[in-house]
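What follows is the content of start_35.csv (CSV, N, CA and C atoms).
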```
chain,number,residue,atom,x,y,z
I,71,MET,N,1.1,216.3,244.0
I,71,MET,CA,0.1,215.3,244.0
I,71,MET,C,-0.1,214.8,242.6
I,72,PRO,N,-0.2,213.5,242.4
I,72,PRO,CA,-0.4,212.9,241.1
I,72,PRO,C,-1.8,213.3,240.5
I,73,GLY,N,-1.8,213.3,239.2
I,73,GLY,CA,-3.0,213.7,238.4
I,73,GLY,C,-4.0,212.6,238.3
I,74,ALA,N,-5.1,212.9,237.6
I,74,ALA,CA,-6.1,211.9,237.4
I,74,ALA,C,-5.6,210.7,236.6
I,75,GLY,N,-6.0,209.5,237.0
I,75,GLY,CA,-5.6,208.3,236.4
I,75,GLY,C,-4.2,207.8,236.9
I,76,PHE,N,-3.8,208.3,238.0
I,76,PHE,CA,-2.5,207.9,238.6
I,76,PHE,C,-2.4,206.4,238.8
I,77,ARG,N,-3.3,205.9,239.5
I,77,ARG,CA,-3.3,204.4,239.8
I,77,ARG,C,-4.4,203.8,238.8
I,78,ARG,N,-4.0,203.5,237.6
I,78,ARG,CA,-4.9,203.1,236.6
I,78,ARG,C,-5.0,201.6,236.5
I,79,GLU,N,-4.1,200.8,237.0
I,79,GLU,CA,-4.1,199.3,236.8
I,79,GLU,C,-4.8,198.7,238.0
I,80,ARG,N,-6.0,198.1,237.7
I,80,ARG,CA,-6.8,197.4,238.8
I,80,ARG,C,-6.2,196.0,238.9
I,81,MET,N,-5.8,195.6,240.2
I,81,MET,CA,-5.2,194.3,240.4
I,81,MET,C,-5.8,193.7,241.6
I,82,THR,N,-5.8,192.4,241.6
I,82,THR,CA,-6.4,191.6,242.8
I,82,THR,C,-5.2,191.0,243.5
I,83,TYR,N,-5.1,191.3,244.8
I,83,TYR,CA,-4.1,190.7,245.7
I,83,TYR,C,-4.6,189.3,246.1
I,84,GLN,N,-3.7,188.4,246.0
I,84,GLN,CA,-4.0,187.0,246.3
I,84,GLN,C,-3.0,186.4,247.4
I,85,THR,N,-3.4,185.5,248.2
I,85,THR,CA,-2.6,184.8,249.1
I,85,THR,C,-2.6,183.3,248.8
I,86,PRO,N,-1.4,182.7,249.0
I,86,PRO,CA,-1.3,181.2,248.7
I,86,PRO,C,-2.0,180.4,249.8
I,87,VAL,N,-2.7,179.4,249.3
I,87,VAL,CA,-3.4,178.5,250.3
I,87,VAL,C,-3.0,177.0,249.9
I,88,ALA,N,-2.6,176.2,250.9
I,88,ALA,CA,-2.2,174.8,250.6
I,88,ALA,C,-3.5,174.0,250.4
I,89,THR,N,-3.6,173.3,249.4
I,89,THR,CA,-4.8,172.4,249.1
I,89,THR,C,-4.3,171.0,248.7
I,90,THR,N,-5.2,170.2,248.4
I,90,THR,CA,-4.9,168.8,247.9
I,90,THR,C,-5.7,168.7,246.6
I,91,ASP,N,-4.9,168.2,245.6
I,91,ASP,CA,-5.5,168.0,244.3
I,91,ASP,C,-6.3,166.7,244.2
I,92,SER,N,-6.8,166.4,243.0
I,92,SER,CA,-7.7,165.2,242.8
I,92,SER,C,-6.9,163.9,243.0
I,93,ALA,N,-5.5,164.0,242.8
I,93,ALA,CA,-4.7,162.8,243.0
I,93,ALA,C,-4.2,162.7,244.4
I,94,GLY,N,-4.6,163.6,245.3
I,94,GLY,CA,-4.2,163.5,246.7
I,94,GLY,C,-2.8,164.2,247.0
I,95,GLN,N,-2.3,164.9,246.0
I,95,GLN,CA,-1.0,165.6,246.1
I,95,GLN,C,-1.2,167.0,246.7
I,96,GLN,N,-0.2,167.5,247.4
I,96,GLN,CA,-0.2,168.9,247.9
I,96,GLN,C,-0.2,169.8,246.7
I,97,ALA,N,-1.0,170.9,246.7
I,97,ALA,CA,-1.0,171.9,245.6
I,97,ALA,C,-1.2,173.3,246.3
I,98,ILE,N,-0.9,174.3,245.5
I,98,ILE,CA,-1.1,175.7,246.0
I,98,ILE,C,-2.2,176.3,245.1
I,99,ALA,N,-3.2,176.8,245.8
I,99,ALA,CA,-4.2,177.6,245.2
I,99,ALA,C,-4.1,179.1,245.6
I,100,TRP,N,-4.6,180.0,244.8
I,100,TRP,CA,-4.5,181.4,245.1
I,100,TRP,C,-5.8,181.9,245.5
I,101,LEU,N,-6.0,182.5,246.7
I,101,LEU,CA,-7.2,183.0,247.2
I,101,LEU,C,-7.3,184.5,247.1
I,102,ASP,N,-8.3,185.0,246.4
I,102,ASP,CA,-8.5,186.5,246.2
I,102,ASP,C,-8.8,187.1,247.6
I,103,VAL,N,-8.0,188.2,247.9
I,103,VAL,CA,-8.2,188.9,249.2
I,103,VAL,C,-8.8,190.3,249.0
I,104,VAL,N,-8.2,191.1,248.1
I,104,VAL,CA,-8.7,192.4,247.9
I,104,VAL,C,-8.3,192.9,246.5
I,105,SER,N,-9.1,193.8,246.0
I,105,SER,CA,-8.8,194.5,244.7
I,105,SER,C,-8.3,195.9,245.0
I,106,LEU,N,-7.2,196.2,244.4
I,106,LEU,CA,-6.6,197.5,244.6
I,106,LEU,C,-6.2,198.1,243.3
I,107,ALA,N,-6.2,199.5,243.2
I,107,ALA,CA,-5.7,200.2,242.1
I,107,ALA,C,-4.2,200.4,242.3
I,108,CYS,N,-3.4,200.2,241.2
I,108,CYS,CA,-1.9,200.2,241.4
I,108,CYS,C,-1.3,201.0,240.2
I,109,VAL,N,-0.1,201.4,240.5
I,109,VAL,CA,0.8,201.9,239.4
I,109,VAL,C,1.9,200.8,239.3
I,110,VAL,N,2.1,200.4,238.0
I,110,VAL,CA,3.1,199.3,237.8
I,110,VAL,C,4.2,200.0,237.0
I,111,THR,N,5.4,199.9,237.5
I,111,THR,CA,6.6,200.4,236.9
I,111,THR,C,7.6,199.3,236.7
I,112,PRO,N,8.1,199.1,235.5
I,112,PRO,CA,9.1,198.0,235.3
I,112,PRO,C,10.4,198.4,236.1
I,113,GLY,N,11.0,197.3,236.6
I,113,GLY,CA,12.3,197.5,237.4
I,113,GLY,C,13.4,197.5,236.4
I,114,GLN,N,14.6,197.5,237.0
I,114,GLN,CA,15.9,197.6,236.2
I,114,GLN,C,16.5,196.2,236.0
I,115,ARG,N,15.8,195.1,236.4
I,115,ARG,CA,16.4,193.8,236.4
I,115,ARG,C,15.5,192.8,235.7
I,116,GLU,N,16.1,192.1,234.8
I,116,GLU,CA,15.5,191.0,234.1
I,116,GLU,C,16.4,189.8,234.1
I,117,VAL,N,16.0,188.6,234.6
I,117,VAL,CA,16.9,187.5,234.9
I,117,VAL,C,16.3,186.3,234.2
I,118,MET,N,17.2,185.5,233.5
I,118,MET,CA,16.8,184.2,232.9
I,118,MET,C,16.9,183.2,234.0
I,119,ASP,N,15.8,182.5,234.2
I,119,ASP,CA,15.7,181.4,235.2
I,119,ASP,C,15.6,180.0,234.5
I,120,ASP,N,15.8,179.0,235.3
I,120,ASP,CA,15.5,177.6,234.8
I,120,ASP,C,16.2,177.3,233.5
I,121,GLY,N,17.5,177.6,233.4
I,121,GLY,CA,18.3,177.2,232.2
I,121,GLY,C,17.7,177.9,231.0
I,122,GLY,N,17.2,179.0,231.0
I,122,GLY,CA,16.7,179.7,229.8
I,122,GLY,C,15.3,179.5,229.5
I,123,VAL,N,14.5,178.8,230.3
I,123,VAL,CA,13.1,178.4,230.1
I,123,VAL,C,12.2,179.6,230.5
I,124,ALA,N,12.6,180.3,231.5
I,124,ALA,CA,11.7,181.4,232.0
I,124,ALA,C,12.5,182.7,232.2
I,125,VAL,N,11.8,183.8,232.0
I,125,VAL,CA,12.4,185.1,232.2
I,125,VAL,C,11.7,185.8,233.3
I,126,ARG,N,12.4,186.2,234.4
I,126,ARG,CA,11.8,186.9,235.5
I,126,ARG,C,12.1,188.4,235.4
I,127,THR,N,11.1,189.2,235.5
I,127,THR,CA,11.3,190.6,235.4
I,127,THR,C,10.7,191.3,236.7
I,128,ASP,N,11.5,192.1,237.3
I,128,ASP,CA,11.1,192.8,238.5
I,128,ASP,C,10.3,194.0,238.2
I,129,TYR,N,9.3,194.3,239.1
I,129,TYR,CA,8.5,195.5,238.9
I,129,TYR,C,8.3,196.2,240.3
I,130,ARG,N,8.0,197.4,240.2
I,130,ARG,CA,7.6,198.2,241.4
I,130,ARG,C,6.2,198.5,241.3
I,131,LEU,N,5.4,198.2,242.3
I,131,LEU,CA,4.0,198.4,242.3
I,131,LEU,C,3.7,199.4,243.4
I,132,GLU,N,2.9,200.4,243.2
I,132,GLU,CA,2.4,201.3,244.2
I,132,GLU,C,0.9,201.2,244.3
I,133,SER,N,0.4,201.0,245.6
I,133,SER,CA,-1.0,200.9,245.8
I,133,SER,C,-1.4,201.6,247.1
I,134,SER,N,-2.7,201.6,247.3
I,134,SER,CA,-3.2,202.1,248.6
I,134,SER,C,-2.8,201.1,249.7
I,135,TRP,N,-2.7,201.5,250.9
I,135,TRP,CA,-2.3,200.7,252.0
I,135,TRP,C,-3.4,199.7,252.3
I,136,HIS,N,-3.0,198.4,252.5
I,136,HIS,CA,-3.9,197.4,253.0
I,136,HIS,C,-3.2,196.4,253.9
I,137,PRO,N,-3.7,196.1,255.0
I,137,PRO,CA,-3.0,195.2,256.0
I,137,PRO,C,-2.7,193.8,255.5
I,138,ALA,N,-3.5,193.3,254.5
I,138,ALA,CA,-3.3,192.0,254.0
I,138,ALA,C,-2.1,191.8,253.1
I,139,VAL,N,-1.7,192.9,252.5
I,139,VAL,CA,-0.6,192.8,251.5
I,139,VAL,C,0.7,192.6,252.2
I,140,VAL,N,1.3,191.4,251.9
I,140,VAL,CA,2.6,191.0,252.6
I,140,VAL,C,3.4,190.2,251.5
I,141,ALA,N,4.7,190.1,251.8
I,141,ALA,CA,5.6,189.3,251.0
I,141,ALA,C,5.1,187.9,251.0
I,142,GLY,N,5.2,187.3,249.8
I,142,GLY,CA,4.8,185.9,249.7
I,142,GLY,C,3.4,185.8,249.0
I,143,GLY,N,2.7,186.9,248.8
I,143,GLY,CA,1.5,186.9,248.1
I,143,GLY,C,1.7,187.2,246.6
I,144,ALA,N,0.6,187.6,245.9
I,144,ALA,CA,0.8,187.9,244.5
I,144,ALA,C,-0.3,188.9,244.1
I,145,PHE,N,0.0,189.6,243.1
I,145,PHE,CA,-1.1,190.5,242.5
I,145,PHE,C,-1.4,189.9,241.1
I,146,ARG,N,-2.7,189.9,240.7
I,146,ARG,CA,-3.1,189.4,239.4
I,146,ARG,C,-3.9,190.4,238.7
I,147,THR,N,-3.6,190.6,237.4
I,147,THR,CA,-4.3,191.6,236.6
I,147,THR,C,-5.5,190.9,236.0
I,148,ALA,N,-6.5,191.6,235.4
I,148,ALA,CA,-7.6,191.1,234.8
I,148,ALA,C,-7.3,190.2,233.6
I,149,ASP,N,-6.2,190.5,232.9
I,149,ASP,CA,-5.8,189.7,231.8
I,149,ASP,C,-4.9,188.5,232.2
I,150,GLY,N,-4.8,188.2,233.5
I,150,GLY,CA,-4.1,187.0,233.9
I,150,GLY,C,-2.6,187.1,234.3
I,151,ARG,N,-2.0,188.3,234.1
I,151,ARG,CA,-0.6,188.4,234.5
I,151,ARG,C,-0.5,188.3,236.0
I,152,GLN,N,0.5,187.7,236.6
I,152,GLN,CA,0.7,187.5,238.0
I,152,GLN,C,2.0,188.0,238.4
I,153,PHE,N,2.0,188.8,239.5
I,153,PHE,CA,3.2,189.4,240.0
I,153,PHE,C,3.4,188.9,241.4
I,154,PHE,N,4.5,188.2,241.7
I,154,PHE,CA,4.8,187.6,243.0
I,154,PHE,C,5.6,188.6,243.8
I,155,VAL,N,5.0,188.8,245.0
I,155,VAL,CA,5.5,189.9,245.9
I,155,VAL,C,6.7,189.4,246.7
I,156,SER,N,7.8,190.1,246.6
I,156,SER,CA,9.0,189.8,247.4
I,156,SER,C,9.2,190.7,248.6
I,157,SER,N,8.7,192.0,248.5
I,157,SER,CA,8.8,192.9,249.6
I,157,SER,C,7.7,193.9,249.6
I,158,VAL,N,7.4,194.4,250.8
I,158,VAL,CA,6.3,195.4,250.9
I,158,VAL,C,6.8,196.5,251.9
I,159,ILE,N,6.7,197.8,251.5
I,159,ILE,CA,7.2,198.9,252.3
I,159,ILE,C,6.1,199.9,252.5
I,160,ASP,N,6.0,200.4,253.7
I,160,ASP,CA,5.1,201.6,254.0
I,160,ASP,C,6.0,202.8,253.9
I,161,PRO,N,6.1,203.5,252.8
I,161,PRO,CA,7.0,204.6,252.7
I,161,PRO,C,6.7,205.8,253.5
I,162,ASP,N,5.5,205.9,254.0
I,162,ASP,CA,5.1,207.0,254.8
I,162,ASP,C,5.3,206.8,256.3
I,163,GLN,N,6.1,205.9,256.6
I,163,GLN,CA,6.6,205.7,258.0
I,163,GLN,C,5.4,205.4,259.0
I,164,GLY,N,4.6,204.4,258.6
I,164,GLY,CA,3.5,204.0,259.5
I,164,GLY,C,2.2,204.8,259.4
I,165,ARG,N,2.1,205.7,258.4
I,165,ARG,CA,0.8,206.5,258.3
I,165,ARG,C,-0.3,205.7,257.6
I,166,ARG,N,0.1,204.5,257.0
I,166,ARG,CA,-0.9,203.6,256.3
I,166,ARG,C,-1.6,204.3,255.2
I,167,ARG,N,-0.9,205.0,254.3
I,167,ARG,CA,-1.6,205.7,253.2
I,167,ARG,C,-1.3,204.9,251.9
I,168,ARG,N,-0.1,204.3,251.7
I,168,ARG,CA,0.2,203.7,250.5
I,168,ARG,C,1.3,202.6,250.7
I,169,LEU,N,1.5,201.7,249.8
I,169,LEU,CA,2.5,200.7,249.8
I,169,LEU,C,3.3,200.7,248.6
I,170,ILE,N,4.6,200.4,248.8
I,170,ILE,CA,5.5,200.2,247.7
I,170,ILE,C,5.9,198.8,247.7
I,171,VAL,N,5.6,198.1,246.6
I,171,VAL,CA,5.7,196.6,246.5
I,171,VAL,C,6.8,196.3,245.5
I,172,THR,N,7.7,195.4,245.8
I,172,THR,CA,8.6,194.9,244.8
I,172,THR,C,8.1,193.5,244.5
I,173,ALA,N,7.9,193.2,243.2
I,173,ALA,CA,7.3,192.0,242.7
I,173,ALA,C,8.0,191.5,241.4
I,174,SER,N,7.9,190.2,241.2
I,174,SER,CA,8.4,189.7,239.9
I,174,SER,C,7.4,189.0,239.1
I,175,GLU,N,7.5,189.1,237.8
I,175,GLU,CA,6.6,188.4,236.9
I,175,GLU,C,7.4,187.4,236.1
I,176,VAL,N,6.9,186.2,236.1
I,176,VAL,CA,7.7,185.1,235.4
I,176,VAL,C,7.0,184.8,234.1
I,177,ALA,N,7.7,184.9,233.0
I,177,ALA,CA,7.2,184.6,231.7
I,177,ALA,C,7.9,183.4,231.2
I,178,HIS,N,7.1,182.3,230.9
I,178,HIS,CA,7.6,181.1,230.4
I,178,HIS,C,7.6,181.1,228.9
I,179,GLU,N,8.7,180.6,228.3
I,179,GLU,CA,8.8,180.5,226.8
I,179,GLU,C,8.3,179.2,226.3
```

Would you mind writing the structure in this file as structure tokens?
Amino acid sequence: MPGAGFRRERMTYQTPVATTDSAGQQAIAWLDVVSLACVVTPGQREVMDDGGVAVRTDYRLESSWHPAVVAGGAFRTADGRQFFVSSVIDPDQGRRRRLIVTASEVAHE
């Protein structure tokens, strides 16, 4: 069993919502769904995207189980970092105790 402070990163899970901006164009807004405590572990992969303009780093997030957390959403930290969810796994085979999330953070230069 993990010790005290195991899930020390407080993150807000968000889901994308299609909206219209002031110019009448389609835009994506992020709707806050739930706040969860997570463990954030850097992955083994870092990829240069967009011709060297952005660097995408993969992360593994572990959180409590929540039915709203699905691929296509994002986790945001209090300091504004955003992790885009690519996969969500229930490692306890349906017991609904925790989630293992694979997510990417994009850093623009």

Between region 76-108 of chain I and region 128-148 of chain I, at 6 Å or less, what are the per-residue closest atom pairs and their distances in Å? Count only C-alpha atoms, order by chain and rising residue number, and return it as a Markdown table.
```
| residue | atom | partner | partner_atom | distance |
| --- | --- | --- | --- | --- |
| I:Met81 | CA | I:Thr147 | CA | 4.7 |
| I:Thr82 | CA | I:Arg146 | CA | 5.2 |
| I:Tyr83 | CA | I:Phe145 | CA | 4.4 |
| I:Gln84 | CA | I:Ala144 | CA | 5.2 |
| I:Thr85 | CA | I:Gly143 | CA | 4.7 |
| I:Cys108 | CA | I:Ser133 | CA | 4.5 |
```

Practice problem: Would you work out the distance separating CA of Ser174 (chain I) from CA of Gln152 (chain I), expressed in Å to one decimal? | Solution: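 For CA of Ser174 (chain I) relative to CA of Gln152 (chain I), the distance reads 8.2 Å.
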
Quiz prompt | Selected residue of minimal separation from Val109 (chain I) among I:Glu175, I:Asp91, I:Glu79, I:Asp162, counting only N, CA and C atoms | solution = I:Glu79

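CA of Gln96 (chain I) lies 23.7 Å from CA of Ala177 (chain I).
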
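Among the candidates I:Ala93, I:Arg80, I:Pro86, I:Phe153, the residue lying nearest to Leu106 (chain I) is I:Arg80 (atoms considered: all atoms listed in the file).
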
Quiz item: So which bits of chain I end up strand (DSSP E or B) when you DSSP the backbone, as an MDAnalysis selection string?
Solution: chainID I and resid 79:90 96:119 124:134 144:147 152:159 168:178

Quiz item: Do you have the atom C of Thr89 (chain I)-CA of Val158 (chain I) distance handy?
Solution: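 Going from atom C of Thr89 (chain I) over to CA of Val158 (chain I), I get 26.7 Å.
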
Self-check item: Residue list as a list in words for point (5.2, 201.4, 248.7), cut-off 6 Å, only N, CA and C atoms
Solution: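 Checked against the point, the hits come out as Leu131, Glu132, Ser133, Ile159, Asp160, Pro161, Arg168, Leu169, Ile170 and Val171 of chain I.
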